[in-house]
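Student: Data file start_1.pdb (PDB, C-alpha atoms) is appended below.
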```
ATOM      1  CA  MET F  18      15.435  18.241   4.056  1.00  0.00           C
ATOM      2  CA  CYS F  19      18.195  20.793   3.827  1.00  0.00           C
ATOM      3  CA  ASN F  20      19.729  21.351   7.255  1.00  0.00           C
ATOM      4  CA  GLN F  21      20.193  25.121   7.054  1.00  0.00           C
ATOM      5  CA  PRO F  22      21.350  26.813  10.271  1.00  0.00           C
ATOM      6  CA  ASP F  23      18.410  29.264  10.434  1.00  0.00           C
ATOM      7  CA  ALA F  24      16.436  28.896  13.647  1.00  0.00           C
ATOM      8  CA  VAL F  25      13.513  30.915  12.263  1.00  0.00           C
ATOM      9  CA  ALA F  26      10.894  29.260  10.119  1.00  0.00           C
ATOM     10  CA  ASP F  27      10.329  30.611   6.632  1.00  0.00           C
ATOM     11  CA  HIS F  28       6.537  30.907   6.680  1.00  0.00           C
ATOM     12  CA  ALA F  29       6.383  31.997   3.046  1.00  0.00           C
ATOM     13  CA  ALA F  30       8.306  28.925   1.873  1.00  0.00           C
ATOM     14  CA  VAL F  31       6.010  26.632   3.838  1.00  0.00           C
ATOM     15  CA  GLU F  32       2.940  28.341   2.394  1.00  0.00           C
ATOM     16  CA  ARG F  33       4.331  27.930  -1.127  1.00  0.00           C
ATOM     17  CA  PHE F  34       4.944  24.251  -0.505  1.00  0.00           C
ATOM     18  CA  LEU F  35       1.427  23.694   0.811  1.00  0.00           C
ATOM     19  CA  ALA F  36      -0.103  25.667  -2.070  1.00  0.00           C
ATOM     20  CA  ALA F  37       1.853  23.645  -4.619  1.00  0.00           C
ATOM     21  CA  GLY F  38       0.369  20.492  -3.164  1.00  0.00           C
ATOM     22  CA  GLN F  39      -3.256  21.542  -3.592  1.00  0.00           C
ATOM     23  CA  ILE F  40      -5.022  19.000  -5.757  1.00  0.00           C
ATOM     24  CA  ASP F  41      -7.916  18.977  -8.154  1.00  0.00           C
ATOM     25  CA  ARG F  42      -9.729  16.017  -9.684  1.00  0.00           C
ATOM     26  CA  ASP F  43      -7.090  15.454 -12.384  1.00  0.00           C
ATOM     27  CA  THR F  44      -4.181  15.726  -9.947  1.00  0.00           C
ATOM     28  CA  TRP F  45      -5.805  13.217  -7.608  1.00  0.00           C
ATOM     29  CA  HIS F  46      -6.597  10.830 -10.470  1.00  0.00           C
ATOM     30  CA  ASP F  47      -3.028  10.997 -11.801  1.00  0.00           C
ATOM     31  CA  GLY F  48      -1.541  10.233  -8.386  1.00  0.00           C
ATOM     32  CA  ILE F  49       0.469  13.470  -8.168  1.00  0.00           C
ATOM     33  CA  GLY F  50       1.815  14.294  -4.721  1.00  0.00           C
ATOM     34  CA  TYR F  51       3.486  17.291  -3.123  1.00  0.00           C
ATOM     35  CA  PRO F  52       6.646  18.686  -4.771  1.00  0.00           C
ATOM     36  CA  LEU F  53       9.178  16.757  -2.691  1.00  0.00           C
ATOM     37  CA  GLU F  54      12.108  18.487  -4.363  1.00  0.00           C
ATOM     38  CA  ALA F  55      11.053  21.693  -2.594  1.00  0.00           C
ATOM     39  CA  LEU F  56      11.782  20.128   0.792  1.00  0.00           C
ATOM     40  CA  GLY F  57      15.466  20.731   0.122  1.00  0.00           C
ATOM     41  CA  THR F  58      14.883  24.480   0.356  1.00  0.00           C
ATOM     42  CA  LEU F  59      13.436  24.337   3.867  1.00  0.00           C
ATOM     43  CA  ASN F  60      15.516  24.819   6.982  1.00  0.00           C
ATOM     44  CA  ALA F  61      14.936  22.761  10.113  1.00  0.00           C
ATOM     45  CA  ALA F  62      12.540  25.271  11.663  1.00  0.00           C
ATOM     46  CA  SER F  63      10.533  25.451   8.453  1.00  0.00           C
ATOM     47  CA  GLY F  64      10.331  21.685   8.397  1.00  0.00           C
ATOM     48  CA  GLU F  65       8.884  21.656  11.907  1.00  0.00           C
ATOM     49  CA  LEU F  66       6.356  24.302  10.882  1.00  0.00           C
ATOM     50  CA  LEU F  67       5.390  22.223   7.868  1.00  0.00           C
ATOM     51  CA  ILE F  68       4.807  19.186  10.086  1.00  0.00           C
ATOM     52  CA  SER F  69       2.441  21.203  12.274  1.00  0.00           C
ATOM     53  CA  ARG F  70       0.554  22.473   9.211  1.00  0.00           C
ATOM     54  CA  LEU F  71       0.229  19.170   7.363  1.00  0.00           C
ATOM     55  CA  PRO F  72      -2.572  16.947   8.682  1.00  0.00           C
ATOM     56  CA  VAL F  73      -2.134  13.324   7.694  1.00  0.00           C
ATOM     57  CA  LYS F  74      -5.151  12.775   5.430  1.00  0.00           C
ATOM     58  CA  GLY F  75      -3.815  10.248   2.922  1.00  0.00           C
ATOM     59  CA  TRP F  76      -0.814   8.868   1.055  1.00  0.00           C
ATOM     60  CA  ARG F  77       0.366  12.287  -0.132  1.00  0.00           C
ATOM     61  CA  GLU F  78       1.023  13.566   3.387  1.00  0.00           C
ATOM     62  CA  VAL F  79       2.664  10.289   4.367  1.00  0.00           C
ATOM     63  CA  GLU F  80       5.071  10.643   1.439  1.00  0.00           C
ATOM     64  CA  VAL F  81       6.077  14.152   2.564  1.00  0.00           C
ATOM     65  CA  LEU F  82       6.546  13.349   6.242  1.00  0.00           C
ATOM     66  CA  ALA F  83       8.470  10.159   5.465  1.00  0.00           C
ATOM     67  CA  ALA F  84      10.799  12.207   3.256  1.00  0.00           C
ATOM     68  CA  LEU F  85      11.515  14.635   6.104  1.00  0.00           C
ATOM     69  CA  THR F  86      13.086  11.760   8.117  1.00  0.00           C
ATOM     70  CA  THR F  87      12.866  13.613  11.470  1.00  0.00           C
ATOM     71  CA  ALA F  88      11.644  12.233  14.774  1.00  0.00           C
ATOM     72  CA  SER F  89       8.804  14.746  14.882  1.00  0.00           C
ATOM     73  CA  ALA F  90       7.730  13.769  11.377  1.00  0.00           C
ATOM     74  CA  ARG F  91       7.643  10.116  12.397  1.00  0.00           C
ATOM     75  CA  SER F  92       5.640  10.997  15.504  1.00  0.00           C
ATOM     76  CA  ALA F  93       3.171  12.934  13.383  1.00  0.00           C
ATOM     77  CA  LEU F  94       2.798   9.973  11.047  1.00  0.00           C
ATOM     78  CA  ARG F  95       2.171   7.542  13.878  1.00  0.00           C
ATOM     79  CA  ALA F  96      -0.354   9.912  15.465  1.00  0.00           C
ATOM     80  CA  GLY F  97      -2.053  10.442  12.123  1.00  0.00           C
ATOM     81  CA  PHE F  98      -2.386   6.712  11.559  1.00  0.00           C
ATOM     82  CA  ASP F  99      -3.733   6.124  15.075  1.00  0.00           C
ATOM     83  CA  ALA F 100      -6.317   8.900  14.693  1.00  0.00           C
ATOM     84  CA  ALA F 101      -7.322   8.111  11.117  1.00  0.00           C
ATOM     85  CA  GLY F 102     -10.915   7.255  10.343  1.00  0.00           C
ATOM     86  CA  PRO F 103     -11.976   6.214   6.828  1.00  0.00           C
ATOM     87  CA  ALA F 104      -8.487   6.974   5.485  1.00  0.00           C
ATOM     88  CA  ARG F 105      -6.762   4.543   7.870  1.00  0.00           C
ATOM     89  CA  LEU F 106      -6.252   1.905   5.184  1.00  0.00           C
ATOM     90  CA  GLU F 107      -4.805   4.373   2.675  1.00  0.00           C
ATOM     91  CA  ILE F 108      -2.507   5.899   5.299  1.00  0.00           C
ATOM     92  CA  GLY F 109      -1.453   2.490   6.553  1.00  0.00           C
ATOM     93  CA  LEU F 110      -0.600   1.186   3.085  1.00  0.00           C
ATOM     94  CA  ALA F 111       1.437   4.336   2.452  1.00  0.00           C
ATOM     95  CA  LEU F 112       3.331   3.740   5.699  1.00  0.00           C
ATOM     96  CA  LEU F 113       3.912   0.151   4.644  1.00  0.00           C
ATOM     97  CA  ARG F 114       5.457   1.483   1.446  1.00  0.00           C
ATOM     98  CA  TRP F 115       7.623   4.294   2.814  1.00  0.00           C
ATOM     99  CA  LEU F 116       8.082   3.734   6.538  1.00  0.00           C
ATOM    100  CA  PRO F 117       7.013   0.187   7.471  1.00  0.00           C
ATOM    101  CA  GLU F 118       8.978   0.196  10.720  1.00  0.00           C
ATOM    102  CA  LEU F 119       6.323   2.492  12.230  1.00  0.00           C
ATOM    103  CA  LEU F 120       3.842  -0.387  12.057  1.00  0.00           C
ATOM    104  CA  SER F 121       3.810  -3.554  14.116  1.00  0.00           C
ATOM    105  CA  GLU F 122       3.787  -6.884  12.316  1.00  0.00           C
ATOM    106  CA  ALA F 123       0.162  -7.388  13.348  1.00  0.00           C
ATOM    107  CA  GLU F 124      -0.801  -3.976  11.954  1.00  0.00           C
ATOM    108  CA  ARG F 125       0.943  -4.694   8.669  1.00  0.00           C
ATOM    109  CA  THR F 126      -0.822  -8.015   8.340  1.00  0.00           C
ATOM    110  CA  ASP F 127      -4.218  -6.540   9.140  1.00  0.00           C
ATOM    111  CA  LEU F 128      -3.753  -3.692   6.640  1.00  0.00           C
ATOM    112  CA  VAL F 129      -2.688  -5.956   3.792  1.00  0.00           C
ATOM    113  CA  CYS F 130      -5.500  -8.437   4.463  1.00  0.00           C
ATOM    114  CA  ARG F 131      -8.049  -5.632   4.461  1.00  0.00           C
ATOM    115  CA  ALA F 132      -6.637  -4.188   1.261  1.00  0.00           C
ATOM    116  CA  ILE F 133      -6.948  -7.563  -0.442  1.00  0.00           C
ATOM    117  CA  GLU F 134     -10.477  -8.114   0.836  1.00  0.00           C
ATOM    118  CA  GLN F 135     -11.648  -4.689  -0.325  1.00  0.00           C
ATOM    119  CA  ALA F 136      -9.897  -4.630  -3.695  1.00  0.00           C
ATOM    120  CA  ARG F 137     -12.017  -4.647  -6.810  1.00  0.00           C
ATOM    121  CA  GLY F 138     -11.007  -4.534 -10.456  1.00  0.00           C
ATOM    122  CA  GLY F 139      -9.587  -1.058 -11.015  1.00  0.00           C
ATOM    123  CA  ASP F 140     -10.224   0.063  -7.423  1.00  0.00           C
ATOM    124  CA  GLY F 141      -7.472  -0.519  -4.891  1.00  0.00           C
ATOM    125  CA  LEU F 142      -6.118  -3.578  -6.665  1.00  0.00           C
ATOM    126  CA  ASP F 143      -2.660  -2.233  -7.511  1.00  0.00           C
ATOM    127  CA  ALA F 144      -2.121  -0.966  -3.950  1.00  0.00           C
ATOM    128  CA  ALA F 145      -3.270  -4.271  -2.470  1.00  0.00           C
ATOM    129  CA  LEU F 146      -0.987  -6.329  -4.700  1.00  0.00           C
ATOM    130  CA  GLU F 147       2.001  -4.067  -4.024  1.00  0.00           C
ATOM    131  CA  ALA F 148       1.398  -4.340  -0.282  1.00  0.00           C
ATOM    132  CA  ALA F 149       1.022  -8.134  -0.438  1.00  0.00           C
ATOM    133  CA  GLN F 150       4.234  -8.429  -2.417  1.00  0.00           C
ATOM    134  CA  ALA F 151       6.057  -6.485   0.306  1.00  0.00           C
ATOM    135  CA  TRP F 152       4.438  -8.254   3.268  1.00  0.00           C
ATOM    136  CA  HIS F 153       2.967 -11.744   2.974  1.00  0.00           C
ATOM    137  CA  PRO F 154       2.923 -13.852   6.140  1.00  0.00           C
ATOM    138  CA  ALA F 155       0.528 -16.821   6.284  1.00  0.00           C
ATOM    139  CA  ALA F 156      -2.580 -14.713   6.977  1.00  0.00           C
ATOM    140  CA  VAL F 157      -1.914 -12.573   3.900  1.00  0.00           C
ATOM    141  CA  MET F 158      -1.335 -15.648   1.760  1.00  0.00           C
ATOM    142  CA  ASN F 159      -4.675 -16.965   2.977  1.00  0.00           C
ATOM    143  CA  ALA F 160      -6.397 -13.653   2.183  1.00  0.00           C
ATOM    144  CA  LEU F 161      -5.015 -13.873  -1.345  1.00  0.00           C
ATOM    145  CA  TRP F 162      -6.285 -17.444  -1.602  1.00  0.00           C
ATOM    146  CA  GLN F 163      -9.757 -16.451  -0.389  1.00  0.00           C
ATOM    147  CA  SER F 164      -9.895 -13.665  -2.980  1.00  0.00           C
ATOM    148  CA  LEU F 165      -9.434 -16.283  -5.692  1.00  0.00           C
ATOM    149  CA  LEU F 166     -12.700 -17.833  -4.544  1.00  0.00           C
ATOM    150  CA  HIS F 167     -14.826 -14.722  -4.098  1.00  0.00           C
ATOM    151  CA  GLN F 168     -13.512 -11.760  -6.103  1.00  0.00           C
ATOM    152  CA  ASP F 169     -14.238 -10.497  -9.610  1.00  0.00           C
ATOM    153  CA  ALA F 170     -12.325 -11.787 -12.635  1.00  0.00           C
ATOM    154  CA  THR F 171      -9.806  -8.936 -12.814  1.00  0.00           C
ATOM    155  CA  VAL F 172      -8.797  -9.410  -9.186  1.00  0.00           C
ATOM    156  CA  VAL F 173      -8.705 -13.197  -9.485  1.00  0.00           C
ATOM    157  CA  VAL F 174      -6.382 -13.213 -12.496  1.00  0.00           C
ATOM    158  CA  ASN F 175      -3.938 -10.757 -10.939  1.00  0.00           C
ATOM    159  CA  VAL F 176      -3.995 -12.439  -7.532  1.00  0.00           C
ATOM    160  CA  ALA F 177      -3.351 -15.816  -9.137  1.00  0.00           C
ATOM    161  CA  ALA F 178      -0.327 -14.322 -10.875  1.00  0.00           C
ATOM    162  CA  LEU F 179       1.004 -12.830  -7.630  1.00  0.00           C
ATOM    163  CA  LEU F 180       0.513 -16.064  -5.698  1.00  0.00           C
ATOM    164  CA  HIS F 181       2.499 -17.961  -8.305  1.00  0.00           C
ATOM    165  CA  TYR F 182       5.299 -15.421  -7.903  1.00  0.00           C
ATOM    166  CA  LEU F 183       5.260 -15.481  -4.091  1.00  0.00           C
ATOM    167  CA  LEU F 184       5.384 -19.270  -4.152  1.00  0.00           C
ATOM    168  CA  GLY F 185       8.430 -19.194  -6.438  1.00  0.00           C
ATOM    169  CA  LEU F 186       6.551 -20.619  -9.407  1.00  0.00           C
ATOM    170  CA  THR F 187       7.212 -17.627 -11.672  1.00  0.00           C
ATOM    171  CA  GLU F 188       9.893 -14.945 -11.898  1.00  0.00           C
ATOM    172  CA  ALA F 189       7.638 -11.876 -11.994  1.00  0.00           C
ATOM    173  CA  PRO F 190       4.518 -10.696 -10.113  1.00  0.00           C
ATOM    174  CA  PHE F 191       2.653 -11.049 -13.407  1.00  0.00           C
ATOM    175  CA  ASP F 192       4.537 -13.362 -15.721  1.00  0.00           C
ATOM    176  CA  LEU F 193       3.036 -12.644 -19.143  1.00  0.00           C
ATOM    177  CA  SER F 194       4.290 -15.973 -20.461  1.00  0.00           C
ATOM    178  CA  ARG F 195       1.861 -17.648 -18.007  1.00  0.00           C
ATOM    179  CA  ARG F 196      -1.121 -15.385 -18.692  1.00  0.00           C
ATOM    180  CA  THR F 197      -3.190 -18.231 -20.113  1.00  0.00           C
ATOM    181  CA  ASP F 198      -2.667 -20.210 -16.903  1.00  0.00           C
ATOM    182  CA  PHE F 199      -3.809 -17.268 -14.763  1.00  0.00           C
ATOM    183  CA  LEU F 200      -6.940 -16.783 -16.873  1.00  0.00           C
ATOM    184  CA  ARG F 201      -8.006 -20.315 -15.948  1.00  0.00           C
ATOM    185  CA  PHE F 202      -8.734 -19.085 -12.404  1.00  0.00           C
ATOM    186  CA  ALA F 203     -11.489 -16.833 -13.803  1.00  0.00           C
ATOM    187  CA  SER F 204     -12.764 -19.328 -16.369  1.00  0.00           C
ATOM    188  CA  ASP F 205     -16.517 -19.705 -16.921  1.00  0.00           C
ATOM    189  CA  GLU F 206     -15.936 -23.451 -17.119  1.00  0.00           C
ATOM    190  CA  ALA F 207     -16.195 -24.764 -13.573  1.00  0.00           C
ATOM    191  CA  GLY F 208     -14.009 -27.787 -14.243  1.00  0.00           C
ATOM    192  CA  GLU F 209     -11.132 -25.737 -15.608  1.00  0.00           C
ATOM    193  CA  ARG F 210     -11.292 -23.268 -12.725  1.00  0.00           C
ATOM    194  CA  THR F 211     -11.450 -26.057 -10.147  1.00  0.00           C
ATOM    195  CA  ALA F 212      -8.438 -27.784 -11.686  1.00  0.00           C
ATOM    196  CA  ALA F 213      -6.429 -24.543 -11.548  1.00  0.00           C
ATOM    197  CA  LEU F 214      -7.383 -23.995  -7.900  1.00  0.00           C
ATOM    198  CA  ASP F 215      -6.571 -27.571  -6.906  1.00  0.00           C
ATOM    199  CA  GLN F 216      -3.148 -27.359  -8.522  1.00  0.00           C
ATOM    200  CA  LEU F 217      -2.328 -24.102  -6.749  1.00  0.00           C
ATOM    201  CA  ARG F 218      -3.659 -25.416  -3.441  1.00  0.00           C
ATOM    202  CA  MET F 219      -1.058 -28.189  -3.510  1.00  0.00           C
ATOM    203  CA  HIS F 220       1.735 -25.653  -3.946  1.00  0.00           C
ATOM    204  CA  MET F 221       0.474 -23.476  -1.080  1.00  0.00           C
ATOM    205  CA  GLY F 222       0.335 -26.228   1.530  1.00  0.00           C
ATOM    206  CA  PHE F 223      -1.964 -26.437   4.514  1.00  0.00           C
ATOM    207  CA  ASP F 224       0.453 -24.590   6.802  1.00  0.00           C
ATOM    208  CA  GLN F 225       0.190 -21.488   4.618  1.00  0.00           C
ATOM    209  CA  VAL F 226      -3.555 -21.600   4.037  1.00  0.00           C
ATOM    210  CA  CYS F 227      -4.642 -20.721   7.559  1.00  0.00           C
ATOM    211  CA  GLU F 228      -7.667 -18.867   8.799  1.00  0.00           C
ATOM    212  CA  ARG F 229      -7.372 -15.169   9.544  1.00  0.00           C
ATOM    213  CA  PRO F 230      -8.023 -14.506  13.249  1.00  0.00           C
ATOM    214  CA  HIS F 231     -11.461 -13.116  14.049  1.00  0.00           C
ATOM    215  CA  GLU F 232     -11.492  -9.689  15.692  1.00  0.00           C
TER     216      GLU F 232
END
```
Rewrite the structure of this file - the entire thing - as structure tokens.
Tutor:
Amino acid sequence: MCNQPDAVADHAAVERFLAAGQIDRDTWHDGIGYPLEALGTLNAASGELLISRLPVKGWREVEVLAALTTASARSALRAGFDAAGPARLEIGLALLRWLPELLSEAERTDLVCRAIEQARGGDGLDAALEAAQAWHPAAVMNALWQSLLHQDATVVVNVAALLHYLLGLTEAPFDLSRRTDFLRFASDEAGERTAALDQLRMHMGFDQVCERPHE
């Protein structure tokens, strides 16, 4: 945010910023956020006004407030996360991406585990995998393992690829050269799938495959 000396908020500039961030179905589907470049035109007072006018409803607001980098913006983000209802997971994953220090280690772990558990092919999978790549203590590794046993084929193949990467067995989160190996985890042939799981289980080790604490 531009640190202009003006002590008076520019209400018109804030209104323009908020209007530019209004979304329709296509904007939401394409993952388009607020015009962050416009933050550079706001003075400090305008930034504070924007914070007061921007309820934290999802990842788009988190992106804006994280970009402001002020103490009041961080406070608003923490308050928004604490008060969030159905959007808590989305807000939390956005914080994990842009401002992870606002979350405790336990909160990060819980968010990533929930994202993995709720992911389905084409719905939340990319966000869950990105979060697990960034934060993967033992409980998250176990959540990934459990998803191999219970999720749909799309999730299973992508999770298998990520686990191989996190265990140092491949050099990319989805190593295309190993695609055939990952497909084995979703095979219709029980013997082939079991063999793939048993091989990966040995690499994970019992100390990493622990139970997630019950709440």
Student: When you count only C-alpha atoms, which of these residues is closest to Thr86 of chain F: F:Val73, F:Ala101, F:Ile49, F:Leu116?
Tutor: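 The shortest atom-to-atom distance to Thr86 of chain F comes from F:Leu116.
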Student: Once the PyMOL selection byres ((chain F and resi 169-179) around 7) is applied to the coordinates I shared, what remains selected? I want it as a ChimeraX atom specification.
Tutor: /F:137-138,142,161,164-165,167-168,180-183,190-192,199-200,202-203
Student: Neighbouring residues of Leu85 of chain F were defined as those with any atom within 8 Å, considering only C-alpha atoms; residues of the same chain fewer than 3 positions away were excluded. Please report them as a PyMOL selection string.
Tutor: chain F and resi 18+56+64+81-82+90
Student: Write the residues of the selection above to a file with C-alpha atoms, as an mmCIF file, keeping the file's coordinate frame.
Tutor:
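Written output follows (part_36.cif):
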```cif
data_model
loop_
_atom_site.group_PDB
_atom_site.id
_atom_site.type_symbol
_atom_site.label_atom_id
_atom_site.label_comp_id
_atom_site.auth_asym_id
_atom_site.auth_seq_id
_atom_site.Cartn_x
_atom_site.Cartn_y
_atom_site.Cartn_z
ATOM 1 C CA MET F 18 15.435 18.241 4.056
ATOM 2 C CA LEU F 56 11.782 20.128 0.792
ATOM 3 C CA GLY F 64 10.331 21.685 8.397
ATOM 4 C CA VAL F 81 6.077 14.152 2.564
ATOM 5 C CA LEU F 82 6.546 13.349 6.242
ATOM 6 C CA ALA F 90 7.730 13.769 11.377
#
```
Student: Nearest to His153 of chain F among F:Gly75, F:Gly139, F:Thr126, F:Asn60, with distances taken over all atoms listed in the file: which residue is it?
Tutor: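 Result for the nearest residue to His153 of chain F: F:Thr126.
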Student: Which centre and which edge lengths, in Å to one decimal, describe the axis-aligned box that holds all listed atoms of segment 69-85 of chain F after 3 Å is added on each side, as AutoDock Vina command-line options?
Tutor:
```
--center_x 3.2 --center_y 15.7 --center_z 6.1 --size_x 22.7 --size_y 19.6 --size_z 18.4
```
Student: Which is closest to Leu214 of chain F among F:Glu124, F:Glu54, F:Glu147, F:Asp198, if we use all atoms listed in the file?
Tutor: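 Using all atoms listed in the file, Leu214 of chain F sits closest to F:Asp198.
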Student: How would you write, as a list in words, the residues chosen by the PyMOL selection byres ((chain F and resi 93) around 9) on this structure?
Tutor: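 What the PyMOL selection byres ((chain F and resi 93) around 9) grabs from the file is Ile68, Ser69, Pro72, Val73, Leu82, Ala88, Ser89, Ala90, Arg91, Ser92, Leu94, Arg95, Ala96, Gly97 and Phe98 of chain F.
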Student: Which value, in Å to one decimal, gives the distance between atom CA of Ala26 of chain F and atom CA of Leu66 of chain F?
Tutor: 6.8 Å
Student: If I take atom CA of Leu119 of chain F and atom CA of His28 of chain F, how far is one from the other in Å, to one decimal?
Tutor: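 Here the two named atoms are 29.0 Å from each other.
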Student: Between F:Ser194, F:Ser63, F:Ser204, F:Gln163, single out the one closest to Arg33 of chain F, counting all atoms listed in the file.
Tutor: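 Distance minimum relative to Arg33 of chain F lands on F:Ser63.
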Student: Report as a PyMOL selection string the residues that result from applying the PyMOL selection byres ((chain F and resi 108) around 7) to the structure here.
Tutor: chain F and resi 75-76+79+98+104-107+109-112
Student: Quick one: of F:Tyr51, F:Trp115, F:Asn159, F:Thr197, who's nearest to Ile133 of chain F, counting all atoms listed in the file?
Tutor: F:Asn159
Student: When you draw a straight line from atom CA of Leu186 of chain F to atom CA of Glu206 of chain F, how long is it in Å?
Tutor: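 Computing it gives 23.9 Å between the two atoms.
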Student: So, with only C-alpha atoms as the atoms that count, which of F:Val31, F:Val129, F:Met219, F:Leu184 lies closest to Arg70 of chain F?
Tutor: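 So, comparing all the options, the nearest one is F:Val31.
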Student: Using only C-alpha atoms - which residues lie no farther than 12 Å from the point (1.0, -9.2, 13.3) in the file's frame? Write them as a PyMOL selection string.
Tutor: chain F and resi 120-130+152-157+229-230
